[in-house]
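All remarks here apply to the structure that follows.
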Amino acid sequence: MSPLRQRMLDAMELRGYAERTRESYLYWIVELARHTHTSPDQLGAADLENFLLHLRRDRGLSYSTCHQALHALRFFWREVLQRPEGVVSLPYPRVPQRQPELLSRDEARCLIGAAGNPRDRVALMTTYAAGLRVSELCHLRVGDVDSTRMALRIEQGKGARDRYSLLPPALLAALRQYWRDYRPKTWLFPQRHADRPVDTGQAQKWFYAAKRRAGISKRTGIHGLRHAFASHLLEAGVDVRTLQALMGHRTL
């Protein structure tokens, strides 16, 4: 491992960045080096701007993806190289504001029912019933299911915050049947060898496979189940402060 790469990893670890953020930021710095055929610490602001133009114009990446790349560049130049002047003038790509296509209650129920097997069905049901991010779903442990308090513990969610969410009786019953069938030990949804949690890409595949079987054409990923959780609770009269706590949002 090169010293520069190690400095990048160390800087992110010291700041408590989530594993997915670390992987994403490192990916964009590696892509920058590949595109320019130059060590990133030898580049200037013009090189960074040309790289962002390449991502948008040549590779056709979305504004949100380019925005993510820009965050990685800013972090690398400011925190690793200690050169804020090299990137501070770069503009943020304009991200079109789109309302998500929300799943109705019937669509959410149909999608979950169309899952390929009991494990996938329970995972999607858990995502919807507790309003989880996909990373939070994948890192659930067996011990996070608190049947006494009828709550689901989410440990170190986004922003390194712990919280509790809902554990409806129907979800608890489904989780208990799932445990009897699959006997997970540590991770609630483990990989094949059971020593690591399932990765987020696999959970996304479970969602898209069920979505296809259910015949749902709305433009949404597994995060749409979290959106549906929030929307359906609001429609049911849950106050926004309670919803904020359940979702794990820092601000209203």
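In the structure tokens, the first chain shown is A, the next is B, and so on; residue numbers restart at 1 for each chain, and ligands run from 1 in the order shown.
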
Need the shell around A:Thr36: protein/DNA/RNA residues with any atom at most 12 Å away, counting only C-alpha atoms. Skip same-chain ones fewer than 3 positions apart. Format as a short mmCIF file (atom, residue, chain, number, x, y, z; two decimals) with C-alpha atoms, in the first residue's frame?
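around_14.cif was written with the following content:
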```cif
data_model
loop_
_atom_site.label_atom_id
_atom_site.label_comp_id
_atom_site.auth_asym_id
_atom_site.auth_seq_id
_atom_site.Cartn_x
_atom_site.Cartn_y
_atom_site.Cartn_z
CA ILE A 29 -9.10 9.29 -5.78
CA VAL A 30 -8.00 6.09 -7.52
CA GLU A 31 -10.16 7.01 -10.54
CA LEU A 32 -8.55 10.45 -10.64
CA ALA A 33 -5.06 8.91 -10.68
CA SER A 39 -0.12 10.85 -8.55
CA PRO A 40 -3.02 12.90 -7.12
CA ASP A 41 -0.74 14.95 -4.88
CA GLN A 42 0.93 16.34 -8.02
CA LEU A 43 -2.30 17.73 -9.51
CA GLY A 44 -3.84 21.18 -9.37
CA ALA A 46 -7.48 22.68 -13.23
CA ASP A 47 -6.80 18.93 -13.26
CA LEU A 48 -9.60 18.36 -10.78
CA GLU A 49 -12.07 20.41 -12.80
CA ASN A 50 -11.14 18.54 -15.98
CA PHE A 51 -11.69 15.25 -14.14
CA LEU A 52 -15.19 16.32 -13.06
CA HIS A 54 -14.76 13.99 -17.81
#
```

Just the residues within 12 Å of stretch 214-224 of chain A, please, counting only C-alpha atoms, with nothing from its chain fewer than 5 positions along; format it as an MDAnalysis selection string. chainID A and resid 98:116 123:128 131:137 200:209 229:232

File dump, residues just selected, C-alpha atoms, as a short mmCIF file (atom, residue, chain, number, x, y, z; two decimals), in the first residue's frame:
```
data_model
loop_
_atom_site.label_atom_id
_atom_site.label_comp_id
_atom_site.auth_asym_id
_atom_site.auth_seq_id
_atom_site.Cartn_x
_atom_site.Cartn_y
_atom_site.Cartn_z
CA ARG A 98 -36.73 15.26 -8.05
CA GLN A 99 -39.48 14.00 -5.83
CA PRO A 100 -39.13 10.26 -5.16
CA GLU A 101 -41.75 7.95 -6.63
CA LEU A 102 -43.34 6.71 -3.43
CA LEU A 103 -44.61 3.18 -3.04
CA SER A 104 -48.18 2.84 -1.83
CA ARG A 105 -49.02 0.50 1.03
CA ASP A 106 -50.35 -2.07 -1.43
CA GLU A 107 -47.24 -1.80 -3.60
CA ALA A 108 -44.93 -2.22 -0.60
CA ARG A 109 -46.93 -5.25 0.53
CA CYS A 110 -46.92 -6.74 -2.96
CA LEU A 111 -43.18 -6.16 -3.42
CA ILE A 112 -42.28 -7.78 -0.11
CA GLY A 113 -44.54 -10.73 -0.89
CA ALA A 114 -42.79 -11.21 -4.24
CA ALA A 115 -39.36 -11.78 -2.67
CA GLY A 116 -37.50 -14.86 -3.88
CA ALA A 123 -35.08 -8.53 5.01
CA LEU A 124 -37.32 -6.33 2.84
CA MET A 125 -40.07 -6.44 5.45
CA THR A 126 -37.59 -5.29 8.10
CA THR A 127 -36.39 -2.44 5.90
CA TYR A 128 -39.94 -1.19 5.40
CA GLY A 131 -37.56 2.52 8.07
CA LEU A 132 -33.96 1.37 7.68
CA ARG A 133 -31.19 2.48 5.39
CA VAL A 134 -29.76 -0.47 3.46
CA SER A 135 -26.47 -0.25 5.38
CA GLU A 136 -28.41 -0.37 8.65
CA LEU A 137 -30.32 -3.44 7.50
CA THR A 200 -25.46 -3.71 0.55
CA GLY A 201 -25.21 -4.66 -3.11
CA GLN A 202 -26.72 -8.06 -2.39
CA ALA A 203 -29.59 -6.49 -0.45
CA GLN A 204 -30.25 -4.20 -3.42
CA LYS A 205 -30.44 -7.29 -5.66
CA TRP A 206 -33.08 -8.80 -3.36
CA PHE A 207 -35.12 -5.63 -3.74
CA TYR A 208 -34.87 -5.33 -7.52
CA ALA A 209 -35.68 -9.01 -8.04
CA PHE A 229 -42.17 3.96 5.92
CA ALA A 230 -41.94 7.69 6.63
CA SER A 231 -44.76 8.70 4.29
CA HIS A 232 -47.15 6.05 5.54
#
```

Close residues, stretch 178-183 of chain A itself excluded, 12 Å, only C-alpha atoms, min 5 positions apart in chain, as a ChimeraX atom specification: /A:117-123,125-126,141-143,145,171-173,188-192,194

Kindly indicate which residue among A:Thr21, A:Arg83, A:Gly16, A:Tyr63 lies nearest to A:Ala45, using only C-alpha atoms for the distances.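 Going through A:Thr21, A:Arg83, A:Gly16, A:Tyr63 one by one, the smallest distance to A:Ala45 is for A:Arg83.
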
Gap from atom CA of A:Leu152 to atom CA of A:Pro168 - Å, one decimal: 9.4 Å

What parts of stretch 130-225 of chain A does DSSP call helix (DSSP H, G or I)? I'd like the answer as a PDB file with C-alpha atoms, in the first residue's frame.
```
ATOM      1  CA  ALA A 130     -38.468  -0.120  10.671  1.00  0.00           C
ATOM      2  CA  VAL A 134     -29.758  -0.468   3.463  1.00  0.00           C
ATOM      3  CA  SER A 135     -26.470  -0.255   5.376  1.00  0.00           C
ATOM      4  CA  GLU A 136     -28.412  -0.373   8.653  1.00  0.00           C
ATOM      5  CA  LEU A 137     -30.320  -3.442   7.496  1.00  0.00           C
ATOM      6  CA  CYS A 138     -27.112  -5.254   6.559  1.00  0.00           C
ATOM      7  CA  VAL A 142     -29.519 -10.965  16.200  1.00  0.00           C
ATOM      8  CA  GLY A 143     -29.252  -9.206  19.565  1.00  0.00           C
ATOM      9  CA  ASP A 144     -30.653  -5.970  18.086  1.00  0.00           C
ATOM     10  CA  PRO A 169     -45.790  -7.595  16.067  1.00  0.00           C
ATOM     11  CA  ALA A 170     -46.036  -8.897  12.488  1.00  0.00           C
ATOM     12  CA  LEU A 171     -42.336  -8.197  11.930  1.00  0.00           C
ATOM     13  CA  LEU A 172     -41.388  -9.863  15.219  1.00  0.00           C
ATOM     14  CA  ALA A 173     -43.341 -12.969  14.250  1.00  0.00           C
ATOM     15  CA  ALA A 174     -41.651 -13.037  10.827  1.00  0.00           C
ATOM     16  CA  LEU A 175     -38.201 -12.595  12.386  1.00  0.00           C
ATOM     17  CA  ARG A 176     -38.814 -15.399  14.854  1.00  0.00           C
ATOM     18  CA  GLN A 177     -39.842 -17.765  12.050  1.00  0.00           C
ATOM     19  CA  TYR A 178     -36.822 -16.643  10.037  1.00  0.00           C
ATOM     20  CA  TRP A 179     -34.535 -17.406  13.004  1.00  0.00           C
ATOM     21  CA  ARG A 180     -36.039 -20.894  13.370  1.00  0.00           C
ATOM     22  CA  ASP A 181     -35.481 -21.575   9.672  1.00  0.00           C
ATOM     23  CA  TYR A 182     -32.004 -20.044   9.186  1.00  0.00           C
ATOM     24  CA  THR A 200     -25.465  -3.711   0.551  1.00  0.00           C
ATOM     25  CA  GLY A 201     -25.206  -4.660  -3.114  1.00  0.00           C
ATOM     26  CA  GLN A 202     -26.723  -8.060  -2.391  1.00  0.00           C
ATOM     27  CA  ALA A 203     -29.589  -6.493  -0.446  1.00  0.00           C
ATOM     28  CA  GLN A 204     -30.247  -4.200  -3.419  1.00  0.00           C
ATOM     29  CA  LYS A 205     -30.438  -7.288  -5.656  1.00  0.00           C
ATOM     30  CA  TRP A 206     -33.080  -8.798  -3.365  1.00  0.00           C
ATOM     31  CA  PHE A 207     -35.124  -5.628  -3.740  1.00  0.00           C
ATOM     32  CA  TYR A 208     -34.869  -5.331  -7.521  1.00  0.00           C
ATOM     33  CA  ALA A 209     -35.678  -9.013  -8.040  1.00  0.00           C
ATOM     34  CA  ALA A 210     -38.824  -8.649  -5.924  1.00  0.00           C
ATOM     35  CA  LYS A 211     -39.732  -5.420  -7.691  1.00  0.00           C
ATOM     36  CA  ARG A 212     -39.561  -7.137 -11.072  1.00  0.00           C
ATOM     37  CA  ARG A 213     -41.691 -10.065  -9.892  1.00  0.00           C
ATOM     38  CA  ALA A 214     -44.255  -7.663  -8.446  1.00  0.00           C
ATOM     39  CA  HIS A 223     -34.272   3.192  -0.111  1.00  0.00           C
ATOM     40  CA  GLY A 224     -37.816   3.651  -1.406  1.00  0.00           C
ATOM     41  CA  LEU A 225     -38.996   1.326   1.364  1.00  0.00           C
TER      42      LEU A 225
END
```

Could you tell me, as a list in words, which residues of stretch 45-220 of chain A DSSP assigns to strand (DSSP E) when given the backbone? Val145, Asp146, Ala151, Leu152, Arg153, Ile154, Glu155, Gln156, Gly157, Arg161, Asp162, Arg163, Tyr164, Ser165 and Leu166 of chain A

Just all heavy atoms for this one: save the residues we selected as a compact mmCIF listing (two decimals), in the first residue's frame.
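Output saved as out_8.txt:
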```txt
# COMPACT_ATOMS: atom_id res chain seq x y z
N VAL A 145 -32.72 -7.26 18.04
CA VAL A 145 -34.17 -7.44 18.09
C VAL A 145 -34.59 -7.49 19.56
O VAL A 145 -34.32 -8.47 20.25
CB VAL A 145 -34.60 -8.73 17.35
CG1 VAL A 145 -36.11 -8.89 17.39
CG2 VAL A 145 -34.09 -8.70 15.90
N ASP A 146 -35.21 -6.44 20.03
CA ASP A 146 -35.60 -6.32 21.44
C ASP A 146 -37.10 -6.57 21.55
O ASP A 146 -37.92 -5.64 21.46
CB ASP A 146 -35.24 -4.93 21.96
CG ASP A 146 -35.42 -4.79 23.46
OD1 ASP A 146 -36.11 -5.64 24.05
OD2 ASP A 146 -34.88 -3.83 24.04
N ALA A 151 -38.85 -3.12 20.09
CA ALA A 151 -38.05 -2.12 19.40
C ALA A 151 -36.89 -2.81 18.69
O ALA A 151 -36.45 -3.89 19.07
CB ALA A 151 -37.50 -1.10 20.39
N LEU A 152 -36.42 -2.17 17.64
CA LEU A 152 -35.29 -2.66 16.87
C LEU A 152 -34.14 -1.67 17.06
O LEU A 152 -34.28 -0.48 16.77
CB LEU A 152 -35.65 -2.77 15.39
CG LEU A 152 -34.72 -3.58 14.49
CD1 LEU A 152 -34.72 -5.05 14.90
CD2 LEU A 152 -35.15 -3.44 13.03
N ARG A 153 -33.03 -2.15 17.57
CA ARG A 153 -31.88 -1.28 17.83
C ARG A 153 -31.04 -1.14 16.56
O ARG A 153 -30.66 -2.14 15.94
CB ARG A 153 -31.03 -1.86 18.96
CG ARG A 153 -29.71 -1.13 19.20
CD ARG A 153 -28.95 -1.76 20.36
NE ARG A 153 -27.56 -1.35 20.38
CZ ARG A 153 -27.11 -0.20 20.87
NH1 ARG A 153 -27.97 0.66 21.39
NH2 ARG A 153 -25.83 0.10 20.85
N ILE A 154 -30.77 0.09 16.18
CA ILE A 154 -29.89 0.37 15.05
C ILE A 154 -28.62 0.97 15.62
O ILE A 154 -28.63 2.07 16.18
CB ILE A 154 -30.53 1.34 14.03
CG1 ILE A 154 -31.77 0.69 13.41
CG2 ILE A 154 -29.54 1.69 12.94
CD1 ILE A 154 -33.06 1.05 14.07
N GLU A 155 -27.53 0.24 15.51
CA GLU A 155 -26.27 0.65 16.11
C GLU A 155 -25.40 1.35 15.09
O GLU A 155 -25.16 0.83 13.99
CB GLU A 155 -25.53 -0.56 16.68
CG GLU A 155 -24.24 -0.21 17.42
CD GLU A 155 -23.62 -1.43 18.07
OE1 GLU A 155 -24.26 -2.49 18.08
OE2 GLU A 155 -22.49 -1.31 18.57
N GLN A 156 -24.95 2.55 15.45
CA GLN A 156 -24.04 3.32 14.61
C GLN A 156 -24.59 3.49 13.20
O GLN A 156 -23.96 3.11 12.21
CB GLN A 156 -22.65 2.68 14.58
CG GLN A 156 -21.95 2.68 15.93
CD GLN A 156 -21.63 4.07 16.43
OE1 GLN A 156 -20.69 4.69 15.95
NE2 GLN A 156 -22.41 4.58 17.38
N GLY A 157 -25.79 4.07 13.13
CA GLY A 157 -26.36 4.41 11.84
C GLY A 157 -25.63 5.59 11.24
O GLY A 157 -24.53 5.98 11.68
N ARG A 161 -24.64 7.42 14.89
CA ARG A 161 -25.61 7.57 15.96
C ARG A 161 -26.40 6.27 16.13
O ARG A 161 -26.82 5.65 15.15
CB ARG A 161 -26.58 8.72 15.65
CG ARG A 161 -25.93 10.08 15.63
CD ARG A 161 -26.97 11.20 15.52
NE ARG A 161 -27.72 11.14 14.29
CZ ARG A 161 -27.32 11.66 13.13
NH1 ARG A 161 -26.16 12.28 13.06
NH2 ARG A 161 -28.06 11.59 12.05
N ASP A 162 -26.61 5.89 17.39
CA ASP A 162 -27.47 4.75 17.71
C ASP A 162 -28.90 5.25 17.86
O ASP A 162 -29.14 6.40 18.25
CB ASP A 162 -27.04 4.09 19.01
CG ASP A 162 -25.65 3.48 18.94
OD1 ASP A 162 -25.13 3.34 17.82
OD2 ASP A 162 -25.10 3.15 19.99
N ARG A 163 -29.86 4.39 17.57
CA ARG A 163 -31.25 4.75 17.79
C ARG A 163 -32.09 3.47 17.88
O ARG A 163 -31.58 2.36 17.65
CB ARG A 163 -31.78 5.64 16.67
CG ARG A 163 -32.04 4.94 15.35
CD ARG A 163 -32.60 5.91 14.31
NE ARG A 163 -33.10 5.26 13.11
CZ ARG A 163 -32.36 4.84 12.11
NH1 ARG A 163 -31.05 4.99 12.14
NH2 ARG A 163 -32.93 4.25 11.04
N TYR A 164 -33.35 3.62 18.21
CA TYR A 164 -34.31 2.53 18.18
C TYR A 164 -35.40 2.87 17.18
O TYR A 164 -35.79 4.03 17.03
CB TYR A 164 -34.93 2.30 19.56
CG TYR A 164 -34.03 1.60 20.54
CD1 TYR A 164 -33.19 2.30 21.38
CD2 TYR A 164 -34.00 0.20 20.60
CE1 TYR A 164 -32.34 1.65 22.27
CE2 TYR A 164 -33.16 -0.46 21.48
CZ TYR A 164 -32.33 0.27 22.32
OH TYR A 164 -31.50 -0.38 23.18
N SER A 165 -35.89 1.85 16.51
CA SER A 165 -37.03 2.02 15.62
C SER A 165 -38.11 1.01 16.00
O SER A 165 -37.98 0.27 16.97
CB SER A 165 -36.61 1.86 14.16
OG SER A 165 -37.67 2.26 13.29
N LEU A 166 -39.15 1.01 15.22
CA LEU A 166 -40.31 0.18 15.52
C LEU A 166 -40.05 -1.30 15.27
O LEU A 166 -39.31 -1.66 14.37
CB LEU A 166 -41.51 0.63 14.67
CG LEU A 166 -41.92 2.10 14.77
CD1 LEU A 166 -43.08 2.38 13.82
CD2 LEU A 166 -42.29 2.46 16.20
```

Quick one: everything within 12 Å of A:Tyr27, counting only C-alpha atoms, minus sequence neighbours fewer than 3 positions away in the same chain. Send it as a VMD selection string. chain A and resid 5 8 to 9 20 to 24 30 to 34 68 to 73 76

Of the candidates A:Arg15, A:His139, A:Arg7, A:Arg57, which shows the shortest atom-to-atom distance to A:Gln82, using only C-alpha atoms?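 Of A:Arg15, A:His139, A:Arg7, A:Arg57, the one nearest A:Gln82, counting only C-alpha atoms, is A:Arg7.
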
Find the spatial neighbours of A:Leu243, counting only C-alpha atoms, within a cut-off of 9 Å - ignore same-chain residues fewer than 6 positions away - and output them as number ranges by chain. A: 230, 233-234, 249

Give me, please, the distance in Å between atom CA of A:His193 and atom CA of A:Leu140, quoted to one decimal.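 If I compute the distance from atom CA of A:His193 to atom CA of A:Leu140, I get 16.4 Å.
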
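Nearest residue to A:Arg59 among A:His35, A:Arg149, A:Leu26, A:Val198 is A:His35, counting only C-alpha atoms.
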
note - atom CA of A:Leu167 and atom CA of A:Pro197 are separated by 20.5 Å
